[in-house]
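Q: Got a structure for you, written out below as structure tokens; questions coming shortly.
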Amino acid sequence: MKSTEVYKTINAIIKDDFKALGYKKTKGGMLGFYKQINKLYIIFWFQCSQSAFNFYTGSKFTIEFQLSETDRIGSEAIERHRISHYLTQEELQYITKKENEIRKNMKKPPSNYSLLNMSDDIKKWFMKNYEPVKDVYNNDTDIWLRYIEEKNIKEWAEYFKNIIKRIVGVLEQKAMSQERPLIVIG
């Protein structure tokens with residue numbers, strides 16, 4: 001599954017909600033949205049892993065948020081964090097549980113699979129994908145949301161839609177409170 005397909009799936013689920021809230025799509029390859037408040041921009045985007053989709057282990061994406069003076073993803077920011085920074089303990093527990101369910105449903109490759117016949121380090125690295133997450137994610141964990149099929153992407157997008165609304169609401173309040181005073185010269 002290509003990143004463009006992932007972004008298309010997510011966009012179909014969330015775009016109308018965020019358009020209604022005054023958000024516009026960002027430019028570039030990633031799926032992102034922005035809204036200007038005063039002289040600041042609230043931006044959030046979805047970023048697919050640089051690792052290609054694997055038939056056995058799928059792939060993953062993350063969600064990032066930014067408060068900045070420009071509408072460009074990844075530009076110098078007043079505040080920039082990935083999704084985990086803003087999540088509640090209950091949400092972190094759910095995401096950990098969901099990640100483990102997806103890992104449990106991943107198909108194991110046959111013994112002649114190329115990555116299983118490379119060095120022991122590569123084999124261990126690959127097989128780590130099948131190990132459950134032992135500790136509940138926390139606000140400092142760099143969470144990447146795994147998927148092995150389109151259904152997983154849809155479930156993540158539905159789950160996070162209202163959470164993203166809450167987070168951008170917080171960032172909008174920060175943008176409103178950070179209005180910079182005009183400097184009068186003369």
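Ligands are numbered from 1 in the order shown, residues from 1 within each chain, and chains are lettered A, B, ... in the order they appear in the structure tokens.
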For the strand (DSSP E or B) assignment from backbone DSSP, which residues of stretch 10-181 of chain A qualify? Please present them as a VMD selection string.
A: chain A and resid 24 to 25 31 to 37 40 to 48 54 58 to 68 77 to 82 145 to 147
Q: Write the residues of the preceding selection, restricted to N, CA, C and O atoms, as a compact mmCIF listing (two decimals), in the first residue's frame.
A:
# COMPACT_ATOMS: atom_id res chain seq x y z
N LYS A 24 -7.64 24.18 5.91
CA LYS A 24 -7.34 23.98 4.49
C LYS A 24 -6.24 22.94 4.39
O LYS A 24 -5.45 22.77 5.32
N LYS A 25 -6.16 22.27 3.23
CA LYS A 25 -5.11 21.27 3.03
C LYS A 25 -3.78 21.96 2.76
O LYS A 25 -3.72 22.97 2.08
N LEU A 31 -0.25 14.33 3.84
CA LEU A 31 -1.59 14.84 4.08
C LEU A 31 -1.54 15.73 5.31
O LEU A 31 -1.20 15.27 6.41
N GLY A 32 -1.85 17.00 5.13
CA GLY A 32 -1.83 17.93 6.24
C GLY A 32 -2.91 18.99 6.09
O GLY A 32 -3.44 19.20 5.00
N PHE A 33 -3.23 19.63 7.20
CA PHE A 33 -4.25 20.68 7.24
C PHE A 33 -3.72 21.84 8.08
O PHE A 33 -2.96 21.63 9.03
N TYR A 34 -4.16 23.04 7.73
CA TYR A 34 -3.73 24.21 8.50
C TYR A 34 -4.88 25.20 8.62
O TYR A 34 -5.83 25.21 7.84
N LYS A 35 -4.75 26.05 9.63
CA LYS A 35 -5.72 27.13 9.87
C LYS A 35 -4.94 28.30 10.45
O LYS A 35 -4.11 28.12 11.34
N GLN A 36 -5.23 29.50 9.94
CA GLN A 36 -4.57 30.69 10.45
C GLN A 36 -5.45 31.34 11.51
O GLN A 36 -6.65 31.51 11.31
N ILE A 37 -4.84 31.69 12.62
CA ILE A 37 -5.49 32.46 13.68
C ILE A 37 -4.54 33.58 14.04
O ILE A 37 -3.40 33.33 14.44
N LEU A 40 -0.67 33.45 13.45
CA LEU A 40 -0.11 32.12 13.65
C LEU A 40 -0.92 31.06 12.89
O LEU A 40 -2.09 31.27 12.57
N TYR A 41 -0.26 29.93 12.66
CA TYR A 41 -0.90 28.82 11.95
C TYR A 41 -0.88 27.57 12.83
O TYR A 41 0.14 27.23 13.42
N ILE A 42 -2.03 26.92 12.87
CA ILE A 42 -2.14 25.60 13.49
C ILE A 42 -2.06 24.61 12.34
O ILE A 42 -2.82 24.71 11.38
N ILE A 43 -1.14 23.67 12.43
CA ILE A 43 -0.94 22.70 11.36
C ILE A 43 -0.89 21.31 11.98
O ILE A 43 -0.29 21.11 13.04
N PHE A 44 -1.54 20.37 11.31
CA PHE A 44 -1.34 18.96 11.69
C PHE A 44 -1.23 18.16 10.42
O PHE A 44 -1.77 18.52 9.38
N TRP A 45 -0.45 17.07 10.50
CA TRP A 45 -0.24 16.26 9.32
C TRP A 45 0.02 14.80 9.68
O TRP A 45 0.34 14.47 10.81
N PHE A 46 -0.18 13.98 8.67
CA PHE A 46 0.05 12.55 8.76
C PHE A 46 1.31 12.24 7.97
O PHE A 46 1.46 12.71 6.85
N GLN A 47 2.18 11.45 8.55
CA GLN A 47 3.44 11.12 7.89
C GLN A 47 3.61 9.61 7.88
O GLN A 47 3.68 8.97 8.93
N CYS A 48 3.68 9.04 6.69
CA CYS A 48 3.92 7.61 6.55
C CYS A 48 5.40 7.31 6.79
O CYS A 48 6.26 8.12 6.50
N ASN A 54 5.25 -3.58 3.78
CA ASN A 54 5.71 -4.97 3.72
C ASN A 54 4.47 -5.87 3.81
O ASN A 54 3.62 -5.67 4.69
N GLY A 58 3.20 -4.94 7.24
CA GLY A 58 2.49 -3.71 6.94
C GLY A 58 3.41 -2.51 6.95
O GLY A 58 4.56 -2.58 6.54
N SER A 59 2.90 -1.42 7.46
CA SER A 59 3.68 -0.20 7.61
C SER A 59 3.06 0.60 8.74
O SER A 59 2.24 0.08 9.51
N LYS A 60 3.40 1.88 8.83
CA LYS A 60 2.89 2.70 9.93
C LYS A 60 2.95 4.17 9.55
O LYS A 60 3.63 4.55 8.60
N PHE A 61 2.20 4.96 10.30
CA PHE A 61 2.22 6.41 10.11
C PHE A 61 2.11 7.08 11.47
O PHE A 61 1.73 6.45 12.46
N THR A 62 2.46 8.34 11.50
CA THR A 62 2.34 9.12 12.73
C THR A 62 1.57 10.40 12.42
O THR A 62 1.29 10.72 11.26
N ILE A 63 1.21 11.11 13.47
CA ILE A 63 0.48 12.38 13.34
C ILE A 63 1.27 13.41 14.12
O ILE A 63 1.69 13.17 15.25
N GLU A 64 1.47 14.57 13.49
CA GLU A 64 2.27 15.62 14.12
C GLU A 64 1.51 16.94 14.09
O GLU A 64 0.72 17.20 13.18
N PHE A 65 1.79 17.78 15.09
CA PHE A 65 1.11 19.07 15.25
C PHE A 65 2.14 20.17 15.38
O PHE A 65 3.20 19.98 15.95
N GLN A 66 1.75 21.35 14.89
CA GLN A 66 2.68 22.47 14.89
C GLN A 66 1.91 23.78 15.03
O GLN A 66 0.86 23.96 14.44
N LEU A 67 2.46 24.69 15.82
CA LEU A 67 1.98 26.06 15.92
C LEU A 67 3.15 26.92 15.46
O LEU A 67 4.24 26.88 16.05
N SER A 68 2.95 27.68 14.36
CA SER A 68 4.08 28.42 13.80
C SER A 68 3.60 29.69 13.09
O SER A 68 2.40 29.96 13.01
N ALA A 77 8.99 26.33 14.46
CA ALA A 77 7.72 26.33 15.17
C ALA A 77 7.83 26.90 16.58
O ALA A 77 8.87 26.80 17.22
N ILE A 78 6.73 27.46 17.02
CA ILE A 78 6.59 27.88 18.41
C ILE A 78 6.36 26.63 19.26
O ILE A 78 6.86 26.51 20.36
N GLU A 79 5.58 25.70 18.70
CA GLU A 79 5.31 24.42 19.36
C GLU A 79 5.19 23.36 18.28
O GLU A 79 4.54 23.58 17.26
N ARG A 80 5.83 22.23 18.51
CA ARG A 80 5.74 21.12 17.55
C ARG A 80 5.91 19.82 18.31
O ARG A 80 6.92 19.61 18.99
N HIS A 81 4.89 18.95 18.20
CA HIS A 81 4.92 17.66 18.89
C HIS A 81 4.20 16.61 18.07
O HIS A 81 3.26 16.93 17.33
N ARG A 82 4.60 15.38 18.28
CA ARG A 82 3.85 14.26 17.72
C ARG A 82 2.67 13.95 18.63
O ARG A 82 2.59 14.43 19.77
N LEU A 145 1.54 4.50 14.12
CA LEU A 145 0.33 3.69 14.08
C LEU A 145 0.42 2.66 12.96
O LEU A 145 0.41 2.99 11.79
N ARG A 146 0.49 1.40 13.35
CA ARG A 146 0.70 0.31 12.40
C ARG A 146 -0.59 -0.05 11.67
O ARG A 146 -1.68 0.04 12.22
N TYR A 147 -0.43 -0.46 10.44
CA TYR A 147 -1.54 -1.00 9.66
C TYR A 147 -1.04 -2.12 8.78
O TYR A 147 0.10 -2.10 8.32
Q: Which residues are near A:Ser3? Cut-off 9 Å, only C-alpha atoms, ignore same chain within fewer than 3 positions. Put them as a PDB file with N, CA, C and O atoms, in the first residue's frame.
A:
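File selection_39.pdb, as written:
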ATOM      1  N   VAL A   6      -2.693   5.619   1.554  1.00  0.00           N
ATOM      2  CA  VAL A   6      -2.936   5.827   2.980  1.00  0.00           C
ATOM      3  C   VAL A   6      -3.525   7.216   3.199  1.00  0.00           C
ATOM      4  O   VAL A   6      -4.549   7.382   3.880  1.00  0.00           O
ATOM      5  N   TYR A   7      -2.897   8.225   2.592  1.00  0.00           N
ATOM      6  CA  TYR A   7      -3.382   9.604   2.755  1.00  0.00           C
ATOM      7  C   TYR A   7      -4.793   9.767   2.182  1.00  0.00           C
ATOM      8  O   TYR A   7      -5.625  10.461   2.762  1.00  0.00           O
ATOM      9  N   LYS A   8      -5.062   9.124   1.070  1.00  0.00           N
ATOM     10  CA  LYS A   8      -6.400   9.200   0.455  1.00  0.00           C
ATOM     11  C   LYS A   8      -7.454   8.599   1.388  1.00  0.00           C
ATOM     12  O   LYS A   8      -8.540   9.160   1.554  1.00  0.00           O
ATOM     13  N   GLY A  29       3.665  16.470  -0.327  1.00  0.00           N
ATOM     14  CA  GLY A  29       3.352  15.058  -0.443  1.00  0.00           C
ATOM     15  C   GLY A  29       2.599  14.453   0.719  1.00  0.00           C
ATOM     16  O   GLY A  29       1.885  13.470   0.559  1.00  0.00           O
ATOM     17  N   MET A  30       2.740  15.013   1.917  1.00  0.00           N
ATOM     18  CA  MET A  30       2.043  14.451   3.075  1.00  0.00           C
ATOM     19  C   MET A  30       0.642  15.046   3.176  1.00  0.00           C
ATOM     20  O   MET A  30       0.392  16.147   2.700  1.00  0.00           O
ATOM     21  N   GLN A  47       2.179  11.445   8.550  1.00  0.00           N
ATOM     22  CA  GLN A  47       3.441  11.118   7.893  1.00  0.00           C
ATOM     23  C   GLN A  47       3.615   9.611   7.881  1.00  0.00           C
ATOM     24  O   GLN A  47       3.681   8.970   8.934  1.00  0.00           O
ATOM     25  N   CYS A  48       3.678   9.042   6.690  1.00  0.00           N
ATOM     26  CA  CYS A  48       3.925   7.609   6.551  1.00  0.00           C
ATOM     27  C   CYS A  48       5.397   7.309   6.795  1.00  0.00           C
ATOM     28  O   CYS A  48       6.260   8.123   6.500  1.00  0.00           O
ATOM     29  N   SER A  49       5.648   6.129   7.309  1.00  0.00           N
ATOM     30  CA  SER A  49       7.012   5.684   7.532  1.00  0.00           C
ATOM     31  C   SER A  49       7.763   5.625   6.212  1.00  0.00           C
ATOM     32  O   SER A  49       7.188   5.321   5.168  1.00  0.00           O
ATOM     33  N   ALA A  52       9.071   1.007   3.206  1.00  0.00           N
ATOM     34  CA  ALA A  52       8.006   0.634   2.280  1.00  0.00           C
ATOM     35  C   ALA A  52       7.048  -0.348   2.959  1.00  0.00           C
ATOM     36  O   ALA A  52       7.404  -1.041   3.913  1.00  0.00           O
ATOM     37  N   PHE A  53       5.829  -0.410   2.451  1.00  0.00           N
ATOM     38  CA  PHE A  53       4.841  -1.355   2.945  1.00  0.00           C
ATOM     39  C   PHE A  53       5.367  -2.772   2.742  1.00  0.00           C
ATOM     40  O   PHE A  53       5.878  -3.120   1.684  1.00  0.00           O
TER      41      PHE A  53
END
Q: For A:Tyr137, which residue out of A:Lys161, A:Lys154, A:Lys104, A:His85 is the nearest one, using only C-alpha atoms?
A: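 Answer, going by the shortest atom-to-atom distance: A:His85.
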Q: Which of these residues is nearest to A:Glu91, using only C-alpha atoms: A:Leu115, A:Trp144, A:Ile163, A:Lys128?
A: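 Closest candidate: A:Ile163.
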Q: Could you list, with a cut-off of 12 Å and counting only C-alpha atoms, the residues of stretch 135-170 of chain A near stretch 12-22 of chain A, each shown with its nearest atom pair and the distance in Å rounded to one decimal, rows sorted by chain and ascending number, as CSV?
A:
residue,atom,partner,partner_atom,distance
A:Ile153,CA,A:Ile13,CA,10.0
A:Lys154,CA,A:Ile13,CA,7.4
A:Glu155,CA,A:Ile13,CA,9.8
A:Trp156,CA,A:Ile13,CA,10.1
A:Ala157,CA,A:Ile13,CA,6.6
A:Glu158,CA,A:Ile13,CA,6.9
A:Tyr159,CA,A:Ile13,CA,10.4
A:Phe160,CA,A:Ile14,CA,9.2
A:Lys161,CA,A:Ile14,CA,6.3
A:Asn162,CA,A:Asp17,CA,9.3
A:Ile163,CA,A:Ile14,CA,11.5
A:Ile164,CA,A:Phe18,CA,9.5
A:Lys165,CA,A:Phe18,CA,8.0
A:Arg166,CA,A:Phe18,CA,11.7
A:Val168,CA,A:Phe18,CA,10.0
A:Gly169,CA,A:Leu21,CA,10.0
Q: Neighbours of A:Lys108 within 12 Å (only C-alpha atoms; same-chain residues fewer than 2 positions away dropped), as a PyMOL selection string?
A: chain A and resi 54-58+103-106+110-113+115-116+126-131
Q: Atoms to include: C-alpha atoms. Write the selected residues as an mmCIF file, in the first residue's frame.
A:
data_model
loop_
_atom_site.group_PDB
_atom_site.id
_atom_site.type_symbol
_atom_site.label_atom_id
_atom_site.label_comp_id
_atom_site.auth_asym_id
_atom_site.auth_seq_id
_atom_site.Cartn_x
_atom_site.Cartn_y
_atom_site.Cartn_z
ATOM 1 C CA ASN A 54 5.706 -4.966 3.725
ATOM 2 C CA PHE A 55 3.211 -7.737 2.894
ATOM 3 C CA TYR A 56 3.824 -9.374 6.280
ATOM 4 C CA THR A 57 4.387 -6.497 8.695
ATOM 5 C CA GLY A 58 2.493 -3.707 6.936
ATOM 6 C CA ARG A 103 0.708 -7.283 15.484
ATOM 7 C CA LYS A 104 -1.103 -10.464 16.550
ATOM 8 C CA ASN A 105 -2.952 -10.543 13.201
ATOM 9 C CA MET A 106 0.165 -10.134 11.063
ATOM 10 C CA PRO A 110 7.595 -18.521 5.174
ATOM 11 C CA SER A 111 10.993 -19.803 6.236
ATOM 12 C CA ASN A 112 12.431 -19.020 2.804
ATOM 13 C CA TYR A 113 11.500 -15.322 3.091
ATOM 14 C CA LEU A 115 14.830 -11.208 5.348
ATOM 15 C CA LEU A 116 14.803 -14.405 7.408
ATOM 16 C CA PHE A 126 12.433 -8.088 11.338
ATOM 17 C CA MET A 127 10.967 -10.504 13.899
ATOM 18 C CA LYS A 128 10.730 -7.694 16.496
ATOM 19 C CA ASN A 129 7.715 -6.529 14.489
ATOM 20 C CA TYR A 130 5.829 -9.551 15.835
ATOM 21 C CA GLU A 131 6.635 -8.950 19.492
#
Q: Figure out the distance between atom CA of A:Asn117 and atom CA of A:Glu101, please, to one decimal in Å.
A: 26.8 Å
Q: Write down as a VMD selection string the residues of chain A whose backbone DSSP state falls under alpha helix (DSSP H).
A: chain A and resid 3 to 20 89 to 104 120 to 127 150 to 177
Q: Have a look at atom CA of A:Gln178 and atom CA of A:Tyr86 and let me know their distance in Å, one decimal.
A: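 According to the coordinates, atom CA of A:Gln178 and atom CA of A:Tyr86 are separated by 19.5 Å.
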Q: Rounded to one decimal place, report the atom CA of A:Ala175-atom CA of A:Leu87 distance in Å.
A: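 Taking atom CA of A:Ala175 as the start and atom CA of A:Leu87 as the end point, the length is 19.9 Å.
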